Each structure stands twice: as C-alpha cells, then as structure tokens.
Protein chains: 2
Amino acid sequence: MAKKNAFYAQSGGVTAVINASACGLIETARKHKDKIGKVYAGQNGIIGALTEELIDTSKDSASNIAKLKHTPGGAFGSCRFKLKGLDENKAQYERLINVFKAHNIGYFFYNGGGDSQDTAHKVSQIGEAMGYPITCVGIPKTVDNDLPITDNCPGFGSVAKYVAISTQEAALDVRSMAKTSTKIFILEVMGRHAGWIAAAGGLAAQQEGDAPHIILFPEIAFDQKRFLAKVKQSVKRYGHCVIVASEGIKNKDGEFLADAGTTDAFGHKQLGGLAPTVANLIQNELGYKHHWAVADYLQRSARHIASKSDVEQAYALGKAAVELALKGQNAVMPTIVRKSNKPYRWTIGVAPLADVANVEKMMPRNYITRDGFGITDKCREYMLPLIKGEDYPPYKNGLPDYVTLKNVLVAKKLNKKFKI
Amino acid sequence: MAKKNAFYAQSGGVTAVINASACGLIETARKHKDKIGKVYAGQNGIIGALTEELIDTSKDSASNIAKLKHTPGGAFGSCRFKLKGLDENKAQYERLINVFKAHNIGYFFYNGGGDSQDTAHKVSQIGEAMGYPITCVGIPKTVDNDLPITDNCPGFGSVAKYVAISTQEAALDVRSMAKTSTKIFILEVMGRHAGWIAAAGGLAAQQEGDAPHIILFPEIAFDQKRFLAKVKQSVKRYGHCVIVASEGIKNKDGEFLADAGTTDAFGHKQLGGLAPTVANLIQNELGYKHHWAVADYLQRSARHIASKSDVEQAYALGKAAVELALKGQNAVMPTIVRKSNKPYRWTIGVAPLADVANVEKMMPRNYITRDGFGITDKCREYMLPLIKGEDYPPYKNGLPDYVTLKNVLVAKKLNKKFKI
C-alpha cells in the first residue's frame, strides 16, 4: 500500500484520558513514516472532516504530543454530531470521501462511544462502495463503560476512581458533622442508562457501616418508600447516610426523576438536578439536614487523579489502532481483554465494528445487591483493577501542566464549502 | 506547673487538613510527657466536653496518629454548636470547668473558625474567674479564609487548589464540546459572605481567553444585565464561557439568588442551588446549552489534591499551639505570617484571641477586577503560594489510605449528665 495520511477524530463527551489515546496513536504513527504520512485531526471531531478543517498534528512537537498523555478534555475539539444513515444523507458520506481523497487520507481513526463506532463502521463500508477504500479503525472511549466486547472503556476507570475517592472523602466530612448538623450527603454522578459510574462509588466502602450507604442505579426503578426506609435506617445505625445517585434514576413508569426537558443532538434527554430532587424528598419526608453535590464535568475531566490502569489502556488502544490499520485490518476496534484479576493483567484484543456499533452494555444484575442499593463482591472484583494506580500529571505553580496544542489547520483543497 | 492533661476539639465545618493540625498537636504533646499527660479529644467537638465524652488519644498508635496528617474530615467528630454568652448560660461554662477539673485538664485547644476562637476566648476568661485557671490556645481553621491577623487559614489553601484545578479541568472539557454542544459551564463553590474560594477559581486562568471567564463574588451585587452581556461576549470571543460562582451571590437588594424563590421543573423550591439558578437564567435569556456542577463537600474534603503549603501550615499550627501553651501563653492563637512571595516563606506568629474572635476578613476590593468579574494580579500574588505543592496521601487498592481512629472513650467521672 502506498504511503497515505491518517485522519483521527474525537467524538462525543470527552474524558480524562481520550488525549492519552490520541498520544498513543500519534506517537505510533510517527514511528511508521514509511507507511503513514501525516496524522490530520478533525477540528471538533467529524465536523472537521466535513468542513475540511483538518489539524496538521505534525506541527506540534514531540514534547507537546507527549503531554497529551496527561491532559484531559479533547485536544482537537470533539462534537455531538451523528452522521445520518446512508439512505438519509448520502451527501455527508460523499463529502467525507472527497475530503479524504483531496488530502490523500487512507486511514480513518474514530475515537468515541457506541454512536461513533457505528459511524466508523458506516465509513468502512461506504469507502469501498464509492471507489475509495479506506482503512477504518475505531478506538473505544466512554466514561459510561457501556461498549460491548471490550472488558471496559477508557475514561471509565478514571471517572470511577474520582467518584470512589470523592465518596470516601465527603463521607469522612459528613460523618464528622452528623451529630449536630448534616446527616445526609448526596453525590450525583453521570450515567443515563447504565449504573457503572454510580457503582464505582461503592468501592469507597471497605468495611461494615462505611459509605456509601445507598447507591441509586438507573437499572433499578426508584421506590420512594423503600428508599426512605433505608435512609432512616442508615441514620439510625451510623448517624448519617451517604447516597451516590446516578443522574438517570427513573421511577417505575420509566420517567426520569430529574428531567430537565431538554435534549441533545442525538435526541438524548439532557438531565440535571437529580441530587436536589432527592434532597428535597428527604427534607420533606424525614427532615434531616442534607448537603448535595453534582460532580458533572468535574468527574470526567479529573485527570489530576486519573487511574494509572486507565491511562495505560487508553494509550495502548491508540497505539493498537495504528498497528491494526498497518496490518490491513479494516472495520475493527481494539479492545481490552482481561487476563487475570490478581495480579491484574490485561492485553489488547480486536472486535469487528459491526458487533460493537449501537450495542449498549448494561450492569449485570448480579453486580447489584439483591435490595438494589449496593454493589456485590463480583462488581468490586471487576472494578477494583480499573481504578488501580495513580498517574499524576506534572505541576507548575501549584497547577497541573496541561498542554494546549498549536492546532495548525491544513490549507483547504476543495472549493466547495459544506453546510453541516 | 504540675503535669496536666490537655483537651482538644474540632469545631465547625471540617476541612482537608484539620486532622493535620490534630496530628501536629498530638505528636508535639507526646514529646512533652513531663508537662502534658494525655490529650483528650472532644467527641463531636465541644459537645464532648459538656457530655464528658472524651476520647483518649493515647489509645491510638503513633502510626495511626501520623496518618491523621493525610486524612480529611474531623477524626474526632466536629459540631456546629456555639457556647452561649456567659450571662445567658453560665451552666455551660460551669459544666466545662467541672469536666476539666474531673479529668485534670489544664490545657484547652480549640480548632476552628471565628466562632470557635470566641469560645476559646470566653473559656480563657471564665476559667480564672471560677478558680480553675486553664491555658487556652485557639488553632485557626476555616476554608472560608475569613479569620483576621493570620495571613491565611488552614483548609483554605487546599480548597483553593481543588477549585483552581477543577475549573482548569472542566474548562478543557467544555472547550472541547462547545462547537456543537455545551457552551456554558458553571461551577458553584462555597462562600456565603466572602469570595475567597470563588477567587481561587481565577488561578486557573494563565493566559488571555483562559477560563474562568466570569467569577461571581458575594461581595459584588449581581447585575443580571451586565452578567448576561459578559456571558454573550465570552461565547462570541472564545466559543464558550466558564463561570465560577460563590453560593452566596446576592442581588442589589441583598437577597441570595439561590433563595430567590425559584422552582425546578417539578415546581419544587430550589435548595441552595445557585448554579442551577444561574444556568436557568442563561438558558432562558440566551439559550446556550449548559452544564453545571456543585462541588459542596467535595471541595473541602479533597485531601487527595491538598496543597502542600496548607498541610504543612496546618501541622505547624497544631504544633505551635502546644509550644505556646507550654510557654504559658494564654488566650492566644498561632498565626501564619508571610515573609516573602518569591520564594514563598512564612513563619508562625501569635495573636491574642480577643483580637481574633468574631472578626470576619473580607476580600479586599483591590483583589477583584474593576468590572467585578475577575481577580487582579494582587490577588494572584497572594493566593498562588497557598496552593503550592502537592502532598499526596498513600494509596491502597486504588484508594487513599485514610485512617479511622479507635476513638476509645475515657471512663466518666461525673455522676451528673448534662443536657445540651
């Protein structure tokens, strides 16, 4: 195969380690200059490919690229933009292929969640059909940990570590205050459909009585009466009650408790304010003094306390994507395969994009305790290795030394503008 | 002076480093066994002294006590309980003195904010008047940074570091998402009266255009029109807008915005949710997609990213309290005295409790920019040394190895129970 350039894009909600995948990908591509020319990154994800706004990553030094490994957020910009089906908007795909042709792009790397793997899969099909075959490799990323086949998703381990530590720390605080003041603490975490992140809060509990005393999973319909009884019991037994609640809690009719009424570009409902809703309920029904926190973006951008396992896996998957592409594998995604728990060992596997696209992996029911308010030992066994190790960023003047890349755009070659 | 026992209590809202002060105090007392017998800690603060629930800290090993230096929360329990004035409730003071007499307590160490220093001051006066002189030394502690005389307050440096880093990290996230999705991010932080903590968010900005683009201080009356214009300008210029908002924002009539009678999607009254209130306002007036976080207890318990300066000062103040008491100094509080900024040098000073009690130190106006939405270089100069250095706790299985003490209670010697 003649030397071709590569296109890389970040997609959907960013994480503390998506740039570590970018780092692994770019550093590996730079080692194969005989086969891969330049790595162009889409400015703001796939939109950059459609609008021909391509970032020439070769303009950034090796030292800047290395810093991506410890910088959160999406260094090239991401987007919430799902390509339509081929029959609905063929023009989008034709445009992509035209841009790829114009810039001699032979590799398409798409770093994202389920929707993005679906896009990568479509591009892998259409390229051939349109007479411009292109090697497409997806790179998993999502704090939601809901991709199938792969043992876990880069981004999740770090958010899990952040949530576990935050739960542990806030619990020590409320425990100190409970005698005369705050008895209830509620931490709202991300997770619309799957309770993986909320479950991570459960890792904070190391012995009987430890927080969290209640976890609210989106998989378990919210039962107000049972919940309030459990809160009361916890305050009676331990003097306080710490609750980790997924934003996606639904009642038995399947309605979100915290429905803000707005939707994002994918038509997903935008949620907000589950914690204050639950706090209100406890206040009104039980009268306990409460505090609540909403971690929101803090949890998925907390690179300062990223999991070492997670950073290493994110990097390894970026690297593996290039290696798979160089081996000529098309329409695949590298995965994490767990070899053993103690000691924790993992390796890289491969999954066909066709099997990954649009499949959502939920928490197995046996990861949640029978009463629906906690995690089982099976869940702990799965999750503990994922938060293993610390990978501190370097600091300068008391703050992490995060990089902002130069992000120099490539000169456009197409005359036509493309309207998103 | 004959050998006496010491009483130590934690008071008010706890911090990431109040236990570091306890550690400094106990370790130093243990080095002076000729003069100080045991250190008894009040279970749940001063309440423990009134109810004669005294924790014998000698029952915990040197290694457990050493771990206090890296454990957040209040290891002995704290309380929100202010002793009444002497004329209002003399019985409380008499009870204190009776408990101190019964347990041969000659030193009273009170670790807290303005209210607590007031209590310590009162106890120092009443002891003598009631024929049981006791050496009273306050130890400063408050994330609010509002004690007078001392350069800063232990607890503040760490919350400042947490808020600065969280702002920096979330900003990298929202910047990545802004093209097609979230353009506004609001981080609500603590601070009912003084804007010190919100100001710390300003440290995240290192060059033009960096977040936060707006800081909302309780010292500056909220002007909706000017605020919305600034949000719009920031989105226009930088594509996004990051706002750090103190919970205590008031309108020009002095009413808290978070208590302004707003309701959520369900018609429930909002609970202290300044961030959702501001988010709603922006949504309604400008229509930008937003995310918001409320850090709440996470910010003041985040020992995992504590400031090294802060930990060292908290420890040094606990140590200094014992040394002052041994020198016979009564009714005083050790303080931090800044010697220079570059390099950062500080030493321990002493302030009379009479000058500390009930005085609130506000942000100087010249620490806030003229437009009221940012911090000045003067503020940065003051604050940067306080977030200097990292002091990571040890980790076990991916989580900080925080200690829970044995907290063995001393046998009661008084027959009478005391009703709080």
# chains A, B, ... in the order shown; residues from 1 in each chain; ligands from 1

call {"tool": "closest_atom_pairs", "arguments": {"of": "chain A", "to": "chain B", "cutoff": "6 Å", "atoms": "only C-alpha atoms", "output": "JSON lines"}}
result
{"residue": "A:Gly73", "atom": "CA", "partner": "B:Asp173", "partner_atom": "CA", "distance": 4.3}
{"residue": "A:Gly74", "atom": "CA", "partner": "B:Ser176", "partner_atom": "CA", "distance": 5.2}
{"residue": "A:Gly77", "atom": "CA", "partner": "B:Ser176", "partner_atom": "CA", "distance": 4.1}
{"residue": "A:Ser78", "atom": "CA", "partner": "B:Ser176", "partner_atom": "CA", "distance": 5.2}
{"residue": "A:Cys79", "atom": "CA", "partner": "B:Thr180", "partner_atom": "CA", "distance": 5.6}
{"residue": "A:Arg80", "atom": "CA", "partner": "B:Thr180", "partner_atom": "CA", "distance": 5.9}
{"residue": "A:Glu169", "atom": "CA", "partner": "B:Ser301", "partner_atom": "CA", "distance": 5.4}
{"residue": "A:Ala170", "atom": "CA", "partner": "B:Leu298", "partner_atom": "CA", "distance": 5.6}
{"residue": "A:Leu172", "atom": "CA", "partner": "B:Gly73", "partner_atom": "CA", "distance": 5.0}
{"residue": "A:Asp173", "atom": "CA", "partner": "B:Gly73", "partner_atom": "CA", "distance": 4.3}
{"residue": "A:Ser176", "atom": "CA", "partner": "B:Gly77", "partner_atom": "CA", "distance": 4.1}
{"residue": "A:Met177", "atom": "CA", "partner": "B:Ser78", "partner_atom": "CA", "distance": 5.6}
{"residue": "A:Thr180", "atom": "CA", "partner": "B:Cys79", "partner_atom": "CA", "distance": 5.6}
{"residue": "A:Ala293", "atom": "CA", "partner": "B:Val294", "partner_atom": "CA", "distance": 5.0}
{"residue": "A:Val294", "atom": "CA", "partner": "B:Val294", "partner_atom": "CA", "distance": 4.9}
{"residue": "A:Ala295", "atom": "CA", "partner": "B:Ala293", "partner_atom": "CA", "distance": 5.4}
{"residue": "A:Asp296", "atom": "CA", "partner": "B:Ala293", "partner_atom": "CA", "distance": 5.3}
{"residue": "A:Tyr297", "atom": "CA", "partner": "B:Ala170", "partner_atom": "CA", "distance": 5.6}
{"residue": "A:Leu298", "atom": "CA", "partner": "B:Ala170", "partner_atom": "CA", "distance": 5.6}
{"residue": "A:Ser301", "atom": "CA", "partner": "B:Glu169", "partner_atom": "CA", "distance": 5.5}
{"residue": "A:Ile387", "atom": "CA", "partner": "B:Gly398", "partner_atom": "CA", "distance": 5.3}
{"residue": "A:Lys388", "atom": "CA", "partner": "B:Gly398", "partner_atom": "CA", "distance": 4.4}
{"residue": "A:Gly389", "atom": "CA", "partner": "B:Gly398", "partner_atom": "CA", "distance": 5.5}
{"residue": "A:Gly398", "atom": "CA", "partner": "B:Lys388", "partner_atom": "CA", "distance": 4.4}

call {"tool": "write_last_selection", "arguments": {"atoms": "C-alpha atoms", "output": "JSON list (two decimals), in the first residue's frame"}}
result
[["chain", "number", "residue", "atom", "x", "y", "z"],
["A", 73, "GLY", "CA", -10.54, 17.15, 27.56],
["A", 74, "GLY", "CA", -10.37, 16.75, 23.80],
["A", 77, "GLY", "CA", -12.21, 19.51, 19.92],
["A", 78, "SER", "CA", -14.99, 16.97, 19.90],
["A", 79, "CYS", "CA", -18.61, 17.14, 18.81],
["A", 80, "ARG", "CA", -22.00, 15.67, 19.36],
["A", 169, "GLU", "CA", -13.69, 11.90, 51.28],
["A", 170, "ALA", "CA", -17.12, 13.52, 51.50],
["A", 172, "LEU", "CA", -15.44, 11.43, 56.23],
["A", 173, "ASP", "CA", -16.70, 15.02, 56.21],
["A", 176, "SER", "CA", -17.75, 14.45, 61.35],
["A", 177, "MET", "CA", -20.70, 16.81, 61.07],
["A", 180, "THR", "CA", -25.37, 18.41, 65.24],
["A", 293, "ALA", "CA", -23.01, 17.76, 45.23],
["A", 294, "VAL", "CA", -23.28, 17.39, 41.48],
["A", 295, "ALA", "CA", -19.95, 16.29, 40.03],
["A", 296, "ASP", "CA", -20.91, 16.81, 36.37],
["A", 297, "TYR", "CA", -17.88, 17.57, 34.15],
["A", 298, "LEU", "CA", -15.53, 17.53, 37.14],
["A", 301, "SER", "CA", -12.13, 15.68, 33.39],
["A", 387, "ILE", "CA", -9.01, 2.25, 39.45],
["A", 388, "LYS", "CA", -5.60, 0.83, 40.20],
["A", 389, "GLY", "CA", -2.62, 3.11, 40.44],
["A", 398, "GLY", "CA", 0.50, 24.57, 42.04]]

call {"tool": "select_by_dssp", "arguments": {"residues": "stretch 176-328 of chain A", "states": "helix (DSSP H, G or I)", "output": "number ranges by chain"}}
result
A: 176-177, 196-204, 224-238, 274-286, 297-301, 303-305, 308-326

call {"tool": "calpha_fit_rmsd", "arguments": {"fixed": "chain B", "moving": "chain A"}}
result
3.3 Å

call {"tool": "select_by_dssp", "arguments": {"residues": "stretch 166-407 of chain B", "states": "strand (DSSP E or B)", "output": "count of residues only"}}
result
49

call {"tool": "residues_around", "arguments": {"residues": "stretch 121-134 of chain B", "least_positions_apart": "5", "cutoff": "8 Å", "atoms": "only C-alpha atoms", "output": "PDB file with N, CA and C atoms, in the first residue's frame"}}
result
ATOM      1  N   LEU B  86     -21.826  34.203  78.447  1.00  0.00           N
ATOM      2  CA  LEU B  86     -21.705  33.804  79.852  1.00  0.00           C
ATOM      3  C   LEU B  86     -22.948  34.161  80.655  1.00  0.00           C
ATOM      4  N   TYR B  93     -20.629  26.874  81.013  1.00  0.00           N
ATOM      5  CA  TYR B  93     -19.226  27.124  81.379  1.00  0.00           C
ATOM      6  C   TYR B  93     -18.856  26.397  82.667  1.00  0.00           C
ATOM      7  N   GLU B  94     -19.790  26.395  83.608  1.00  0.00           N
ATOM      8  CA  GLU B  94     -19.530  25.680  84.861  1.00  0.00           C
ATOM      9  C   GLU B  94     -19.323  24.199  84.597  1.00  0.00           C
ATOM     10  N   ILE B  97     -15.871  23.564  83.130  1.00  0.00           N
ATOM     11  CA  ILE B  97     -14.830  23.615  84.161  1.00  0.00           C
ATOM     12  C   ILE B  97     -14.897  22.368  85.043  1.00  0.00           C
ATOM     13  N   LYS B 101     -11.855  19.874  85.516  1.00  0.00           N
ATOM     14  CA  LYS B 101     -11.352  19.547  86.861  1.00  0.00           C
ATOM     15  C   LYS B 101     -11.303  18.042  87.059  1.00  0.00           C
ATOM     16  N   ILE B 105      -7.601  18.478  83.463  1.00  0.00           N
ATOM     17  CA  ILE B 105      -7.251  19.120  82.189  1.00  0.00           C
ATOM     18  C   ILE B 105      -6.790  20.554  82.432  1.00  0.00           C
ATOM     19  N   GLY B 106      -5.579  20.850  82.004  1.00  0.00           N
ATOM     20  CA  GLY B 106      -5.014  22.180  82.226  1.00  0.00           C
ATOM     21  C   GLY B 106      -4.806  22.963  80.939  1.00  0.00           C
ATOM     22  N   TYR B 107      -5.046  22.292  79.801  1.00  0.00           N
ATOM     23  CA  TYR B 107      -4.854  22.942  78.502  1.00  0.00           C
ATOM     24  C   TYR B 107      -6.103  22.764  77.655  1.00  0.00           C
ATOM     25  N   PHE B 108      -6.523  23.830  77.045  1.00  0.00           N
ATOM     26  CA  PHE B 108      -7.727  23.794  76.205  1.00  0.00           C
ATOM     27  C   PHE B 108      -7.349  24.265  74.800  1.00  0.00           C
ATOM     28  N   ASN B 330      -1.528  32.297  77.285  1.00  0.00           N
ATOM     29  CA  ASN B 330      -2.941  32.002  77.416  1.00  0.00           C
ATOM     30  C   ASN B 330      -3.744  32.939  76.511  1.00  0.00           C
ATOM     31  N   ALA B 331      -4.906  32.469  76.067  1.00  0.00           N
ATOM     32  CA  ALA B 331      -5.822  33.293  75.267  1.00  0.00           C
ATOM     33  C   ALA B 331      -5.159  33.832  74.005  1.00  0.00           C
ATOM     34  N   LEU B 353      -6.490  36.127  71.341  1.00  0.00           N
ATOM     35  CA  LEU B 353      -7.829  35.666  70.943  1.00  0.00           C
ATOM     36  C   LEU B 353      -8.833  36.817  70.933  1.00  0.00           C
ATOM     37  N   ALA B 354      -8.630  37.766  71.833  1.00  0.00           N
ATOM     38  CA  ALA B 354      -9.550  38.910  71.901  1.00  0.00           C
ATOM     39  C   ALA B 354      -9.617  39.661  70.564  1.00  0.00           C
ATOM     40  N   ALA B 357     -11.499  36.914  67.796  1.00  0.00           N
ATOM     41  CA  ALA B 357     -12.882  36.459  67.974  1.00  0.00           C
ATOM     42  C   ALA B 357     -13.876  37.335  67.228  1.00  0.00           C
TER      43      ALA B 357
END

call {"tool": "closest_residue", "arguments": {"among": "A:Ala49, A:Ala62, A:Val143, A:Val332", "to": "A:Thr28", "atoms": "only C-alpha atoms"}}
result
A:Ala62

call {"tool": "residues_around", "arguments": {"residues": "A:Asp56", "least_positions_apart": "2", "cutoff": "12 Å", "atoms": "only C-alpha atoms", "output": "count of residues only"}}
result
30

call {"tool": "atom_distance", "arguments": {"atom1": "atom CA of B:Leu25", "atom2": "atom CA of B:Pro140"}}
result
12.6 Å

call {"tool": "closest_residue", "arguments": {"among": "B:Ala221, B:Ala200, B:Leu317, B:Leu257", "to": "B:Thr376", "atoms": "only C-alpha atoms"}}
result
B:Ala200

call {"tool": "residues_around", "arguments": {"residues": "A:Glu312", "least_positions_apart": "2", "cutoff": "12 Å", "atoms": "only C-alpha atoms", "output": "PyMOL selection string"}}
result
chain A and resi 17-21+23-24+69-70+153-155+157-158+306-310+314-320+336+346-348+386-391

call {"tool": "atom_distance", "arguments": {"atom1": "atom CA of A:Asp355", "atom2": "atom CA of A:Pro148"}}
result
8.0 Å

call {"tool": "atom_distance", "arguments": {"atom1": "atom CA of B:Ala120", "atom2": "atom CA of B:Asn89"}}
result
15.6 Å

call {"tool": "residues_around", "arguments": {"residues": "B:Ile214", "least_positions_apart": "4", "cutoff": "9 Å", "atoms": "only C-alpha atoms", "output": "PyMOL selection string"}}
result
chain B and resi 202+227+230-231+234+241-245+372-374
